[in-house]
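*Asks:* What follows is the file my_file-v9.tsv, containing TSV, C-alpha atoms:
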```tsv
chain	number	residue	atom	x	y	z
W	7	GLY	CA	38.95	-74.64	-16.05
W	8	LEU	CA	37.34	-72.00	-13.92
W	9	PHE	CA	34.04	-72.33	-15.69
W	10	VAL	CA	33.20	-75.85	-14.58
W	11	PRO	CA	29.71	-75.92	-13.13
W	12	PHE	CA	30.07	-74.96	-9.49
W	13	ALA	CA	28.75	-78.30	-8.19
W	14	VAL	CA	31.52	-80.16	-9.98
W	15	GLY	CA	34.09	-77.58	-8.88
W	16	ARG	CA	32.95	-77.93	-5.30
W	17	ARG	CA	33.32	-81.69	-5.03
W	18	SER	CA	36.72	-81.58	-6.66
W	19	LEU	CA	37.89	-78.76	-4.35
W	20	LEU	CA	37.55	-81.03	-1.32
W	21	VAL	CA	39.31	-83.86	-3.18
W	22	TRP	CA	42.11	-81.54	-4.33
W	23	THR	CA	42.53	-80.19	-0.80
W	24	PHE	CA	42.83	-83.73	0.51
W	25	PHE	CA	45.42	-84.74	-2.10
W	26	ALA	CA	47.37	-81.52	-1.57
W	27	MET	CA	47.49	-82.25	2.18
W	28	LEU	CA	48.85	-85.75	1.51
W	29	ALA	CA	51.41	-84.39	-0.94
W	30	GLY	CA	52.40	-81.66	1.52
W	31	ALA	CA	52.91	-84.14	4.35
W	32	GLU	CA	55.00	-86.33	2.03
W	33	LEU	CA	57.10	-83.34	0.94
W	34	GLY	CA	57.65	-82.29	4.55
W	35	ALA	CA	58.86	-85.77	5.46
W	36	ASP	CA	61.13	-86.19	2.41
W	37	ALA	CA	62.52	-82.69	1.92
W	38	PRO	CA	62.12	-80.72	5.17
W	39	GLN	CA	64.46	-77.88	4.06
W	40	PHE	CA	62.49	-77.26	0.90
W	41	ALA	CA	59.17	-77.71	2.72
W	42	ALA	CA	60.11	-75.00	5.20
W	43	GLN	CA	60.30	-72.56	2.27
W	44	THR	CA	56.69	-73.23	1.21
W	45	HIS	CA	55.09	-71.51	4.17
W	46	PHE	CA	54.57	-68.26	2.24
W	47	LEU	CA	51.91	-69.91	0.06
W	48	GLY	CA	49.72	-70.54	3.10
W	49	ASP	CA	50.41	-66.99	4.31
W	50	ILE	CA	49.29	-65.47	0.99
W	51	PHE	CA	46.04	-67.45	1.21
W	52	LEU	CA	45.45	-66.24	4.77
W	53	ARG	CA	46.05	-62.64	3.78
W	54	LEU	CA	43.53	-62.91	0.97
W	55	ILE	CA	40.98	-64.42	3.37
W	56	ARG	CA	41.55	-61.70	5.96
W	57	MET	CA	41.00	-59.15	3.22
W	58	ILE	CA	37.54	-60.65	2.55
W	59	VAL	CA	36.33	-61.25	6.11
W	60	ALA	CA	35.54	-57.75	7.41
W	61	PRO	CA	33.52	-56.48	4.40
W	62	LEU	CA	31.72	-59.84	4.19
W	63	ILE	CA	30.59	-59.78	7.83
W	64	PHE	CA	29.76	-56.09	7.72
W	65	GLY	CA	27.66	-56.40	4.57
W	66	GLY	CA	25.96	-59.60	5.69
W	67	ILE	CA	24.86	-58.29	9.08
W	68	VAL	CA	23.82	-54.79	7.96
W	69	THR	CA	21.77	-55.97	4.98
W	70	GLY	CA	20.23	-58.69	7.14
W	71	ILE	CA	18.98	-56.23	9.72
W	72	ALA	CA	18.20	-53.19	7.58
W	73	GLY	CA	17.12	-55.05	4.45
W	74	HIS	CA	14.54	-57.21	6.19
W	75	ASN	CA	13.72	-55.09	9.23
W	76	ARG	CA	14.76	-57.74	11.70
W	77	LEU	CA	15.44	-55.47	14.66
W	78	SER	CA	13.43	-57.55	17.11
W	79	GLY	CA	15.12	-60.74	15.97
W	80	VAL	CA	18.68	-59.55	16.54
W	81	GLY	CA	18.47	-59.49	20.32
W	82	ARG	CA	16.92	-62.95	20.45
W	83	VAL	CA	19.48	-64.41	18.07
W	84	ALA	CA	22.31	-62.87	20.10
W	85	LEU	CA	20.95	-64.27	23.34
W	86	LYS	CA	20.28	-67.74	21.92
W	87	SER	CA	23.75	-67.85	20.35
W	88	ILE	CA	25.46	-66.99	23.63
W	89	VAL	CA	23.42	-69.55	25.60
W	90	PHE	CA	24.29	-72.18	22.99
W	91	PHE	CA	28.00	-71.23	23.00
W	92	GLU	CA	28.18	-71.40	26.80
W	93	VAL	CA	26.54	-74.83	27.02
W	94	VAL	CA	28.69	-76.37	24.29
W	95	THR	CA	32.04	-74.91	25.41
W	96	THR	CA	31.37	-75.90	29.04
W	97	ALA	CA	30.64	-79.44	27.84
W	98	GLY	CA	33.94	-79.33	25.94
W	99	LEU	CA	35.93	-78.18	28.99
W	100	ILE	CA	34.42	-80.91	31.18
W	101	LEU	CA	34.95	-83.63	28.58
W	102	GLY	CA	38.61	-82.60	28.10
W	103	ALA	CA	39.21	-82.78	31.85
W	104	ILE	CA	37.56	-86.21	32.12
W	105	ALA	CA	39.55	-87.57	29.16
W	106	ILE	CA	42.97	-86.52	30.48
W	107	ASN	CA	42.15	-87.74	34.01
W	108	LEU	CA	41.28	-91.13	32.52
W	109	SER	CA	44.31	-91.44	30.24
W	110	GLN	CA	46.84	-89.85	32.67
W	111	ALA	CA	48.92	-88.92	29.59
W	112	GLY	CA	51.08	-86.45	31.51
W	113	VAL	CA	52.15	-88.84	34.25
W	114	GLY	CA	55.77	-89.87	33.88
W	115	VAL	CA	56.60	-87.37	31.14
W	116	THR	CA	60.00	-85.82	31.87
W	117	LEU	CA	60.12	-82.06	31.47
W	118	PRO	CA	62.88	-80.89	29.14
W	119	SER	CA	65.29	-78.32	30.51
W	120	GLY	CA	66.15	-75.13	28.66
W	121	LEU	CA	62.65	-74.24	27.52
W	122	GLN	CA	62.34	-71.38	29.96
W	123	ALA	CA	63.59	-68.71	27.57
W	124	ALA	CA	60.77	-69.17	25.09
W	125	VAL	CA	57.84	-68.18	27.31
W	126	PRO	CA	55.53	-65.71	25.58
W	127	ALA	CA	54.26	-62.95	27.84
W	128	ALA	CA	51.06	-64.14	29.43
W	129	HIS	CA	48.81	-61.49	30.84
W	130	SER	CA	45.55	-62.35	32.43
W	131	SER	CA	42.83	-59.89	31.51
W	132	GLY	CA	39.86	-59.22	33.77
W	133	TRP	CA	36.29	-59.66	32.58
W	134	GLN	CA	36.02	-55.88	32.21
W	135	ASP	CA	38.80	-55.95	29.60
W	136	VAL	CA	37.14	-58.81	27.76
W	137	LEU	CA	33.88	-56.86	27.62
W	138	LEU	CA	35.64	-53.64	26.66
W	139	ASN	CA	37.41	-55.39	23.80
W	140	ILE	CA	34.09	-56.31	22.19
W	141	PHE	CA	33.38	-52.66	21.36
W	142	PRO	CA	35.39	-50.92	18.63
W	143	GLU	CA	36.70	-47.40	19.22
W	144	ASN	CA	37.83	-47.04	15.63
W	145	ILE	CA	36.30	-49.19	12.91
W	146	ALA	CA	39.33	-48.82	10.61
W	147	LEU	CA	41.57	-50.07	13.43
W	148	ALA	CA	39.22	-53.00	14.14
W	149	VAL	CA	39.38	-54.00	10.46
W	150	ALA	CA	43.17	-53.52	10.38
W	151	GLN	CA	43.73	-55.66	13.49
W	152	ASN	CA	41.18	-58.18	12.24
W	153	GLN	CA	39.03	-57.95	15.34
W	154	ILE	CA	36.13	-59.90	13.87
W	155	LEU	CA	33.86	-59.39	16.85
W	156	GLN	CA	34.37	-55.62	16.86
W	157	VAL	CA	33.45	-55.50	13.17
W	158	ALA	CA	30.31	-57.52	13.93
W	159	VAL	CA	29.31	-55.18	16.77
W	160	PHE	CA	29.83	-52.13	14.55
W	161	ALA	CA	27.72	-53.80	11.83
W	162	LEU	CA	24.94	-54.52	14.36
W	163	LEU	CA	24.83	-50.91	15.51
W	164	PHE	CA	25.12	-49.59	11.95
W	165	GLY	CA	22.37	-51.93	10.73
W	166	THR	CA	20.13	-50.92	13.63
W	167	ALA	CA	20.61	-47.23	12.86
W	168	LEU	CA	19.97	-47.85	9.17
W	169	ALA	CA	16.82	-49.88	9.88
W	170	THR	CA	15.28	-46.99	11.81
W	171	MET	CA	15.61	-44.60	8.86
W	172	PRO	CA	12.80	-43.93	6.37
W	173	GLU	CA	12.69	-46.28	3.39
W	174	SER	CA	13.72	-43.62	0.85
W	175	LYS	CA	16.97	-42.86	2.70
W	176	ARG	CA	17.67	-46.47	3.61
W	177	ALA	CA	17.15	-48.19	0.25
W	178	PRO	CA	20.18	-46.83	-1.69
W	179	LEU	CA	22.70	-47.82	1.00
W	180	VAL	CA	21.11	-51.23	1.55
W	181	SER	CA	21.31	-52.05	-2.16
W	182	VAL	CA	24.98	-50.97	-2.29
W	183	LEU	CA	25.78	-53.17	0.72
W	184	GLN	CA	23.85	-56.10	-0.78
W	185	SER	CA	26.00	-55.79	-3.90
W	186	LEU	CA	29.12	-55.57	-1.72
W	187	THR	CA	28.19	-58.78	0.13
W	188	GLU	CA	27.44	-60.66	-3.11
W	189	THR	CA	30.78	-59.50	-4.52
W	190	MET	CA	32.61	-60.69	-1.41
W	191	PHE	CA	31.00	-64.13	-1.66
W	192	ARG	CA	32.05	-64.27	-5.33
W	193	LEU	CA	35.57	-63.20	-4.34
W	194	THR	CA	35.60	-66.00	-1.75
W	195	ARG	CA	34.96	-68.51	-4.52
W	196	ILE	CA	37.88	-67.14	-6.53
W	197	VAL	CA	40.27	-67.16	-3.54
W	198	MET	CA	39.16	-70.71	-2.63
W	199	TYR	CA	40.83	-72.03	-5.79
W	200	MET	CA	44.05	-71.44	-3.90
W	201	ALA	CA	42.90	-73.44	-0.86
W	202	PRO	CA	44.44	-76.79	-1.86
W	203	VAL	CA	47.84	-75.15	-2.47
W	204	ALA	CA	47.65	-73.35	0.88
W	205	ALA	CA	46.62	-76.53	2.68
W	206	GLY	CA	49.45	-78.53	1.13
W	207	ALA	CA	52.02	-75.85	1.90
W	208	ALA	CA	50.83	-75.51	5.51
W	209	LEU	CA	51.15	-79.26	6.10
W	210	ALA	CA	54.52	-79.49	4.35
W	211	TYR	CA	55.82	-76.75	6.64
W	212	THR	CA	54.38	-78.40	9.74
W	213	VAL	CA	55.81	-81.85	9.03
W	214	GLY	CA	59.12	-80.42	7.80
W	215	SER	CA	59.73	-78.13	10.76
W	216	MET	CA	58.62	-80.44	13.57
W	217	GLY	CA	60.65	-83.58	13.17
W	218	LEU	CA	59.06	-86.75	14.47
W	219	LEU	CA	61.40	-87.51	17.38
W	220	THR	CA	60.03	-84.69	19.55
W	221	LEU	CA	56.59	-86.27	19.36
W	222	LEU	CA	57.21	-89.66	20.93
W	223	PRO	CA	56.65	-88.78	24.61
W	224	LEU	CA	53.51	-86.85	23.68
W	225	VAL	CA	51.84	-89.43	21.46
W	226	LYS	CA	49.53	-90.40	24.32
W	227	LEU	CA	48.38	-86.80	24.76
W	228	VAL	CA	47.57	-86.45	21.04
W	229	ALA	CA	45.72	-89.77	21.04
W	230	THR	CA	43.73	-88.72	24.13
W	231	TYR	CA	42.80	-85.45	22.42
W	232	TYR	CA	41.50	-87.05	19.24
W	233	VAL	CA	39.59	-89.73	21.15
W	234	ALA	CA	38.01	-86.95	23.24
W	235	LEU	CA	37.08	-85.05	20.06
W	236	ALA	CA	35.36	-88.17	18.71
W	237	ALA	CA	33.52	-88.58	22.02
W	238	PHE	CA	32.50	-84.91	21.89
W	239	ILE	CA	31.03	-85.35	18.40
W	240	LEU	CA	29.13	-88.47	19.49
W	241	LEU	CA	27.96	-87.37	22.94
W	242	VAL	CA	27.41	-83.64	22.51
W	243	LEU	CA	27.11	-82.56	18.88
W	244	THR	CA	25.12	-85.46	17.43
W	245	PRO	CA	22.37	-85.30	20.11
W	246	ILE	CA	22.09	-81.52	19.54
W	247	LEU	CA	21.70	-82.04	15.78
W	248	LEU	CA	19.05	-84.70	16.41
W	249	ILE	CA	17.13	-82.56	18.93
W	250	ALA	CA	17.22	-79.57	16.56
W	251	ARG	CA	16.05	-81.86	13.70
W	252	ILE	CA	18.97	-80.94	11.47
W	253	PRO	CA	19.62	-83.57	8.75
W	254	ILE	CA	23.02	-84.95	9.70
W	255	ALA	CA	24.14	-86.17	6.26
W	256	ARG	CA	23.30	-82.82	4.64
W	257	PHE	CA	25.07	-80.98	7.46
W	258	ILE	CA	28.23	-83.08	7.07
W	259	ALA	CA	28.24	-82.39	3.32
W	260	ALA	CA	27.95	-78.65	4.00
W	261	ILE	CA	30.78	-78.46	6.54
W	262	ALA	CA	33.25	-80.97	5.05
W	263	GLU	CA	35.21	-78.45	3.04
W	264	PRO	CA	35.44	-75.55	5.53
W	265	ALA	CA	36.46	-78.09	8.20
W	266	ALA	CA	39.16	-79.54	5.92
W	267	ILE	CA	40.58	-76.08	5.23
W	268	GLY	CA	40.55	-75.28	8.95
W	269	PHE	CA	42.25	-78.61	9.65
W	270	ALA	CA	45.08	-78.03	7.17
W	271	THR	CA	45.77	-74.34	7.87
W	272	THR	CA	45.09	-74.47	11.66
W	273	THR	CA	43.32	-71.11	11.51
W	274	SER	CA	39.56	-70.96	11.89
W	275	GLU	CA	39.66	-67.68	10.02
W	276	ALA	CA	40.81	-69.36	6.81
W	277	ALA	CA	37.55	-71.31	6.72
W	278	LEU	CA	35.28	-68.44	7.76
W	279	PRO	CA	34.06	-67.04	4.40
W	280	LEU	CA	33.53	-70.52	2.99
W	281	ALA	CA	31.73	-71.68	6.15
W	282	MET	CA	29.38	-68.70	5.87
W	283	GLU	CA	28.65	-69.45	2.22
W	284	ARG	CA	28.05	-73.17	2.84
W	285	MET	CA	25.72	-72.59	5.79
W	286	GLU	CA	23.71	-70.08	3.77
W	287	GLU	CA	23.35	-72.70	1.01
W	288	PHE	CA	22.37	-75.20	3.70
W	289	GLY	CA	19.37	-73.03	4.53
W	290	VAL	CA	20.45	-70.65	7.29
W	291	PRO	CA	19.45	-67.03	6.46
W	292	ARG	CA	22.42	-64.80	5.62
W	293	TRP	CA	21.88	-62.39	8.51
W	294	ILE	CA	21.97	-65.25	11.05
W	295	VAL	CA	25.06	-66.77	9.41
W	296	SER	CA	26.79	-63.37	9.33
W	297	PHE	CA	26.08	-62.83	13.01
W	298	VAL	CA	26.43	-66.26	14.62
W	299	ILE	CA	29.56	-67.60	12.88
W	300	PRO	CA	31.81	-64.54	13.48
W	301	THR	CA	30.56	-64.21	17.08
W	302	GLY	CA	31.29	-67.88	17.56
W	303	TYR	CA	34.91	-67.21	16.61
W	304	SER	CA	35.25	-65.40	19.91
W	305	PHE	CA	32.80	-67.24	22.13
W	306	ASN	CA	32.36	-70.71	20.73
W	307	MET	CA	35.79	-72.22	20.40
W	308	THR	CA	34.46	-75.73	20.95
W	309	GLY	CA	37.65	-77.54	19.99
W	310	SER	CA	39.79	-75.07	21.95
W	311	SER	CA	37.79	-75.48	25.16
W	312	LEU	CA	38.28	-79.25	25.04
W	313	TYR	CA	41.99	-78.70	24.42
W	314	LEU	CA	42.46	-76.07	27.15
W	315	SER	CA	41.27	-78.19	30.07
W	316	MET	CA	43.17	-81.20	28.75
W	317	ALA	CA	46.44	-79.30	28.23
W	318	ALA	CA	46.29	-77.57	31.63
W	319	ILE	CA	45.78	-80.85	33.53
W	320	PHE	CA	48.41	-82.57	31.34
W	321	ALA	CA	50.91	-79.85	32.28
W	322	ALA	CA	50.09	-80.34	35.97
W	323	GLN	CA	50.54	-84.11	35.64
W	324	ALA	CA	53.87	-83.68	33.83
W	325	ALA	CA	55.06	-81.27	36.52
W	326	GLY	CA	54.09	-83.80	39.20
W	327	ILE	CA	51.37	-81.56	40.65
W	328	HIS	CA	48.26	-83.37	41.83
W	329	LEU	CA	45.17	-81.25	41.29
W	330	ALA	CA	42.31	-82.15	43.60
W	331	LEU	CA	38.77	-82.11	42.21
W	332	GLY	CA	38.09	-78.69	43.76
W	333	GLU	CA	41.22	-77.23	42.14
W	334	GLN	CA	40.26	-78.72	38.81
W	335	LEU	CA	36.82	-77.13	39.06
W	336	VAL	CA	38.36	-73.74	39.84
W	337	MET	CA	40.65	-74.20	36.85
W	338	LEU	CA	37.69	-75.05	34.58
W	339	ALA	CA	35.85	-71.94	35.77
W	340	THR	CA	38.96	-69.81	35.12
W	341	LEU	CA	39.36	-71.30	31.65
W	342	LEU	CA	35.68	-70.74	30.89
W	343	LEU	CA	36.21	-67.01	31.44
W	344	THR	CA	39.69	-66.61	29.98
W	345	SER	CA	38.90	-68.61	26.85
W	346	LYS	CA	36.28	-66.08	25.77
W	347	GLY	CA	37.69	-63.76	23.19
W	348	VAL	CA	40.42	-66.17	22.08
W	349	ALA	CA	40.92	-64.99	18.54
W	350	GLY	CA	40.77	-67.54	15.72
W	351	VAL	CA	44.53	-67.46	15.22
W	352	PRO	CA	47.04	-70.23	15.84
W	353	ARG	CA	48.68	-70.23	19.28
W	354	ALA	CA	46.31	-67.67	20.85
W	355	VAL	CA	45.20	-70.56	23.04
W	356	LEU	CA	48.75	-70.84	24.39
W	357	VAL	CA	48.58	-67.40	25.99
W	358	VAL	CA	45.32	-68.33	27.74
W	359	LEU	CA	46.91	-71.55	28.97
W	360	LEU	CA	49.98	-69.77	30.35
W	361	ALA	CA	47.83	-67.20	32.12
W	362	THR	CA	45.73	-69.92	33.75
W	363	ALA	CA	48.75	-72.08	34.60
W	364	SER	CA	50.53	-69.25	36.37
W	365	SER	CA	47.51	-68.73	38.62
W	366	LEU	CA	47.72	-72.43	39.60
W	367	HIS	CA	51.55	-72.39	39.90
W	368	ILE	CA	51.99	-74.91	37.09
W	369	PRO	CA	55.47	-74.34	35.58
W	370	ALA	CA	55.47	-72.80	32.10
W	371	THR	CA	57.97	-75.43	30.88
W	372	ALA	CA	55.26	-78.08	31.19
W	373	ILE	CA	53.01	-76.09	28.88
W	374	LEU	CA	55.73	-75.18	26.42
W	375	MET	CA	56.50	-78.85	26.10
W	376	ILE	CA	53.09	-79.30	24.46
W	377	LEU	CA	54.25	-76.92	21.71
W	378	GLY	CA	56.00	-79.85	20.06
W	379	VAL	CA	52.67	-81.48	19.24
W	380	ASP	CA	50.51	-78.39	19.45
W	381	THR	CA	50.20	-78.13	15.68
W	382	ILE	CA	48.95	-81.71	15.35
W	383	MET	CA	46.31	-81.01	18.00
W	384	ASP	CA	45.64	-77.58	16.55
W	385	MET	CA	44.41	-79.21	13.35
W	386	GLY	CA	41.67	-81.15	15.12
W	387	ARG	CA	40.97	-78.19	17.38
W	388	THR	CA	40.44	-75.81	14.46
W	389	ALA	CA	38.30	-78.22	12.45
W	390	MET	CA	36.16	-78.73	15.56
W	391	ASN	CA	35.83	-74.95	16.07
W	392	VAL	CA	34.65	-74.55	12.47
W	393	ILE	CA	32.14	-77.41	12.82
W	394	GLY	CA	30.87	-76.02	16.15
W	395	ASN	CA	30.27	-72.56	14.70
W	396	CYS	CA	28.50	-73.87	11.60
W	397	MET	CA	26.33	-76.00	13.83
W	398	ALA	CA	25.53	-73.05	16.09
W	399	SER	CA	24.22	-71.05	13.11
W	400	ALA	CA	21.98	-73.94	12.02
W	401	VAL	CA	20.65	-74.60	15.54
W	402	VAL	CA	19.93	-70.91	16.23
W	403	ALA	CA	18.17	-70.60	12.86
W	404	ARG	CA	16.05	-73.65	13.67
W	405	TRP	CA	15.28	-72.16	17.09
W	406	GLU	CA	14.12	-68.96	15.40
W	407	GLY	CA	12.01	-70.91	12.89
W	408	GLU	CA	14.18	-69.49	10.10
W	409	LEU	CA	15.93	-72.65	8.89
W	410	LYS	CA	14.83	-73.37	5.33
W	411	ILE	CA	16.37	-76.66	4.27
W	412	ALA	CA	15.67	-77.25	0.61
W	413	GLU	CA	14.18	-80.69	0.16
```
Here is the file; what I need is its structure written in the form of structure tokens.
*Replies:*
Amino acid sequence: GLFVPFAVGRRSLLVWTFFAMLAGAELGADAPQFAAQTHFLGDIFLRLIRMIVAPLIFGGIVTGIAGHNRLSGVGRVALKSIVFFEVVTTAGLILGAIAINLSQAGVGVTLPSGLQAAVPAAHSSGWQDVLLNIFPENIALAVAQNQILQVAVFALLFGTALATMPESKRAPLVSVLQSLTETMFRLTRIVMYMAPVAAGAALAYTVGSMGLLTLLPLVKLVATYYVALAAFILLVLTPILLIARIPIARFIAAIAEPAAIGFATTTSEAALPLAMERMEEFGVPRWIVSFVIPTGYSFNMTGSSLYLSMAAIFAAQAAGIHLALGEQLVMLATLLLTSKGVAGVPRAVLVVLLATASSLHIPATAILMILGVDTIMDMGRTAMNVIGNCMASAVVARWEGELKIAE
């Protein structure tokens, strides 16, 4: 039951999630009509997670700053995180572009007709808008719209204000917020018992609603993407872990479950509370976890950056447009800017792609064609985003001399 020792419960949660995903895929293949009805289970899980996220981040950041008087550290951590995010996402964009240029997966793909009607409105926002959107004008609205970054910024400012108050006035609020954060972590554990069901339902829906015939022309693209992800882990992430002296086996054990949940549900958000808890157990201080991981959800979409450059060049290849090296570089620079602030929700990446494609005159049909296999790629993309953000928190903590890995 619920009272198994947590270590036992943890190992079995990953196993259950895995079996539920297999069962869900099987159900989707055998009974697609029934599988399509199961989507609500995944949606309930996501709602419960979204309910937890804002108070968890708020409590974690405020108590981290005000409870330990870490005012000087916050600026450094923010700066180091952003430098790290930029380096890693740029590497992802470049690797995605190289991979698709090598595999030429889009060449010879025929564009289907009649997709034109389904184009979502793509609006390109300037850098001013991206910056403006970081700051909340109404904290209740930020929580309601699930603007994770806005909640984090409010928590930073609130924690800073609280830290500058005399101890007698600060202590009562800090202890209330510490209790709030502990309660939210406990609530995460309770909600996580539903994770296998949600993962199974999400996969059943995906397999049931897609049909396998639509995928055949795009198999090469999916294969290219997963090979590129493997290359990214080997060539970019592993060296960083080695340089930062982070024990790789321990790190893999810590991220396995959040990554699996991200993979099955295709929303980074679903894995966020669990990722925060696991990285704190791994040895990253709570205030760094609470700051770096949520910020990473806007700035460090590692898997998404790899996908964006690949999908944009694939669409150009499918449309018969040859992009010269200079044009590809311009496109990478555009994507680097537009991909910032991509929320951790499924399909947000599509809007960024359409905005970038329209500036390069790539037809929207070529991008919408990818929608057929987008979910399959979205799984790897989301798992990679979760892994990248967990890694960022560990690397930044090591950089700050705050990483305490229990021997």
*Asks:* Have a look at W:Ala204, W:Met337, W:Ala161, W:Met190 and name the one nearest to W:Gly70; count all atoms listed in the file.
*Replies:* W:Ala161
*Asks:* Determine, counting only C-alpha atoms, which protein, DNA and RNA residues have an atom within 10 Å of an atom of W:Tyr313; residues of the same chain fewer than 6 positions away are not included. Present the result as a PDB file with C-alpha atoms, keeping the file's coordinate frame.
*Replies:*
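File produced: part11.pdb:
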```
ATOM      1  CA  GLY W  98      33.940 -79.330  25.940  1.00  0.00           C
ATOM      2  CA  LEU W  99      35.930 -78.180  28.990  1.00  0.00           C
ATOM      3  CA  LEU W 101      34.950 -83.630  28.580  1.00  0.00           C
ATOM      4  CA  GLY W 102      38.610 -82.600  28.100  1.00  0.00           C
ATOM      5  CA  ALA W 103      39.210 -82.780  31.850  1.00  0.00           C
ATOM      6  CA  ILE W 106      42.970 -86.520  30.480  1.00  0.00           C
ATOM      7  CA  TYR W 231      42.800 -85.450  22.420  1.00  0.00           C
ATOM      8  CA  TYR W 232      41.500 -87.050  19.240  1.00  0.00           C
ATOM      9  CA  ALA W 234      38.010 -86.950  23.240  1.00  0.00           C
ATOM     10  CA  LEU W 235      37.080 -85.050  20.060  1.00  0.00           C
ATOM     11  CA  MET W 307      35.790 -72.220  20.400  1.00  0.00           C
ATOM     12  CA  VAL W 355      45.200 -70.560  23.040  1.00  0.00           C
ATOM     13  CA  LEU W 359      46.910 -71.550  28.970  1.00  0.00           C
ATOM     14  CA  ASP W 380      50.510 -78.390  19.450  1.00  0.00           C
ATOM     15  CA  MET W 383      46.310 -81.010  18.000  1.00  0.00           C
ATOM     16  CA  ASP W 384      45.640 -77.580  16.550  1.00  0.00           C
ATOM     17  CA  GLY W 386      41.670 -81.150  15.120  1.00  0.00           C
ATOM     18  CA  ARG W 387      40.970 -78.190  17.380  1.00  0.00           C
TER      19      ARG W 387
END
```
*Asks:* Which is closer to W:Ala324 than all the others in W:Met375, W:Leu360, W:Val80, W:Leu243, using all atoms listed in the file?
*Replies:*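 Closest to W:Ala324, using all atoms listed in the file: W:Met375.
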*Asks:* Could you pull the residues within 9 Å of stretch 47-49 of chain W, counting only C-alpha atoms, minus those fewer than 3 positions along the same chain, as a PyMOL selection string?
*Replies:* chain W and resi 44+52-54+200-201+203-208+271
*Asks:* Any idea what's packed within 10 Å of W:Met198, counting all atoms listed in the file, ignoring anything in its chain fewer than 4 positions away? Could you give it as number ranges by chain?
*Replies:* W: 16, 19, 51, 54-55, 192-194, 202-204, 267, 276-277, 279-280
*Asks:* Any chance you could model N, CA and C atoms for stretch 43-58 of chain W and send them as a PDB file, in the frame of the given file?
*Replies:*
```pdb
ATOM      1  N   GLN W  43      60.387 -73.759   3.114  1.00  0.00           N
ATOM      2  CA  GLN W  43      60.300 -72.560   2.270  1.00  0.00           C
ATOM      3  C   GLN W  43      58.882 -72.335   1.736  1.00  0.00           C
ATOM      4  N   THR W  44      58.007 -73.331   1.873  1.00  0.00           N
ATOM      5  CA  THR W  44      56.690 -73.230   1.210  1.00  0.00           C
ATOM      6  C   THR W  44      55.663 -72.489   2.055  1.00  0.00           C
ATOM      7  N   HIS W  45      56.065 -72.074   3.250  1.00  0.00           N
ATOM      8  CA  HIS W  45      55.090 -71.510   4.170  1.00  0.00           C
ATOM      9  C   HIS W  45      54.398 -70.271   3.606  1.00  0.00           C
ATOM     10  N   PHE W  46      55.128 -69.525   2.754  1.00  0.00           N
ATOM     11  CA  PHE W  46      54.570 -68.260   2.240  1.00  0.00           C
ATOM     12  C   PHE W  46      53.288 -68.479   1.436  1.00  0.00           C
ATOM     13  N   LEU W  47      53.126 -69.659   0.840  1.00  0.00           N
ATOM     14  CA  LEU W  47      51.910 -69.910   0.060  1.00  0.00           C
ATOM     15  C   LEU W  47      50.682 -69.912   0.964  1.00  0.00           C
ATOM     16  N   GLY W  48      50.827 -70.553   2.132  1.00  0.00           N
ATOM     17  CA  GLY W  48      49.720 -70.540   3.100  1.00  0.00           C
ATOM     18  C   GLY W  48      49.462 -69.130   3.609  1.00  0.00           C
ATOM     19  N   ASP W  49      50.561 -68.364   3.795  1.00  0.00           N
ATOM     20  CA  ASP W  49      50.410 -66.990   4.310  1.00  0.00           C
ATOM     21  C   ASP W  49      49.686 -66.095   3.309  1.00  0.00           C
ATOM     22  N   ILE W  50      49.971 -66.285   2.016  1.00  0.00           N
ATOM     23  CA  ILE W  50      49.290 -65.470   0.990  1.00  0.00           C
ATOM     24  C   ILE W  50      47.780 -65.757   1.051  1.00  0.00           C
ATOM     25  N   PHE W  51      47.443 -67.044   1.141  1.00  0.00           N
ATOM     26  CA  PHE W  51      46.040 -67.450   1.210  1.00  0.00           C
ATOM     27  C   PHE W  51      45.353 -66.794   2.402  1.00  0.00           C
ATOM     28  N   LEU W  52      46.031 -66.840   3.568  1.00  0.00           N
ATOM     29  CA  LEU W  52      45.450 -66.240   4.770  1.00  0.00           C
ATOM     30  C   LEU W  52      45.247 -64.750   4.619  1.00  0.00           C
ATOM     31  N   ARG W  53      46.203 -64.085   3.986  1.00  0.00           N
ATOM     32  CA  ARG W  53      46.050 -62.640   3.780  1.00  0.00           C
ATOM     33  C   ARG W  53      44.841 -62.331   2.911  1.00  0.00           C
ATOM     34  N   LEU W  54      44.671 -63.128   1.866  1.00  0.00           N
ATOM     35  CA  LEU W  54      43.530 -62.910   0.970  1.00  0.00           C
ATOM     36  C   LEU W  54      42.209 -63.128   1.721  1.00  0.00           C
ATOM     37  N   ILE W  55      42.189 -64.158   2.585  1.00  0.00           N
ATOM     38  CA  ILE W  55      40.980 -64.420   3.370  1.00  0.00           C
ATOM     39  C   ILE W  55      40.697 -63.269   4.320  1.00  0.00           C
ATOM     40  N   ARG W  56      41.751 -62.802   5.003  1.00  0.00           N
ATOM     41  CA  ARG W  56      41.550 -61.700   5.960  1.00  0.00           C
ATOM     42  C   ARG W  56      41.033 -60.456   5.255  1.00  0.00           C
ATOM     43  N   MET W  57      41.446 -60.287   4.018  1.00  0.00           N
ATOM     44  CA  MET W  57      41.000 -59.150   3.220  1.00  0.00           C
ATOM     45  C   MET W  57      39.483 -59.231   2.994  1.00  0.00           C
ATOM     46  N   ILE W  58      38.971 -60.461   2.855  1.00  0.00           N
ATOM     47  CA  ILE W  58      37.540 -60.650   2.550  1.00  0.00           C
ATOM     48  C   ILE W  58      36.660 -60.522   3.793  1.00  0.00           C
TER      49      ILE W  58
END
```
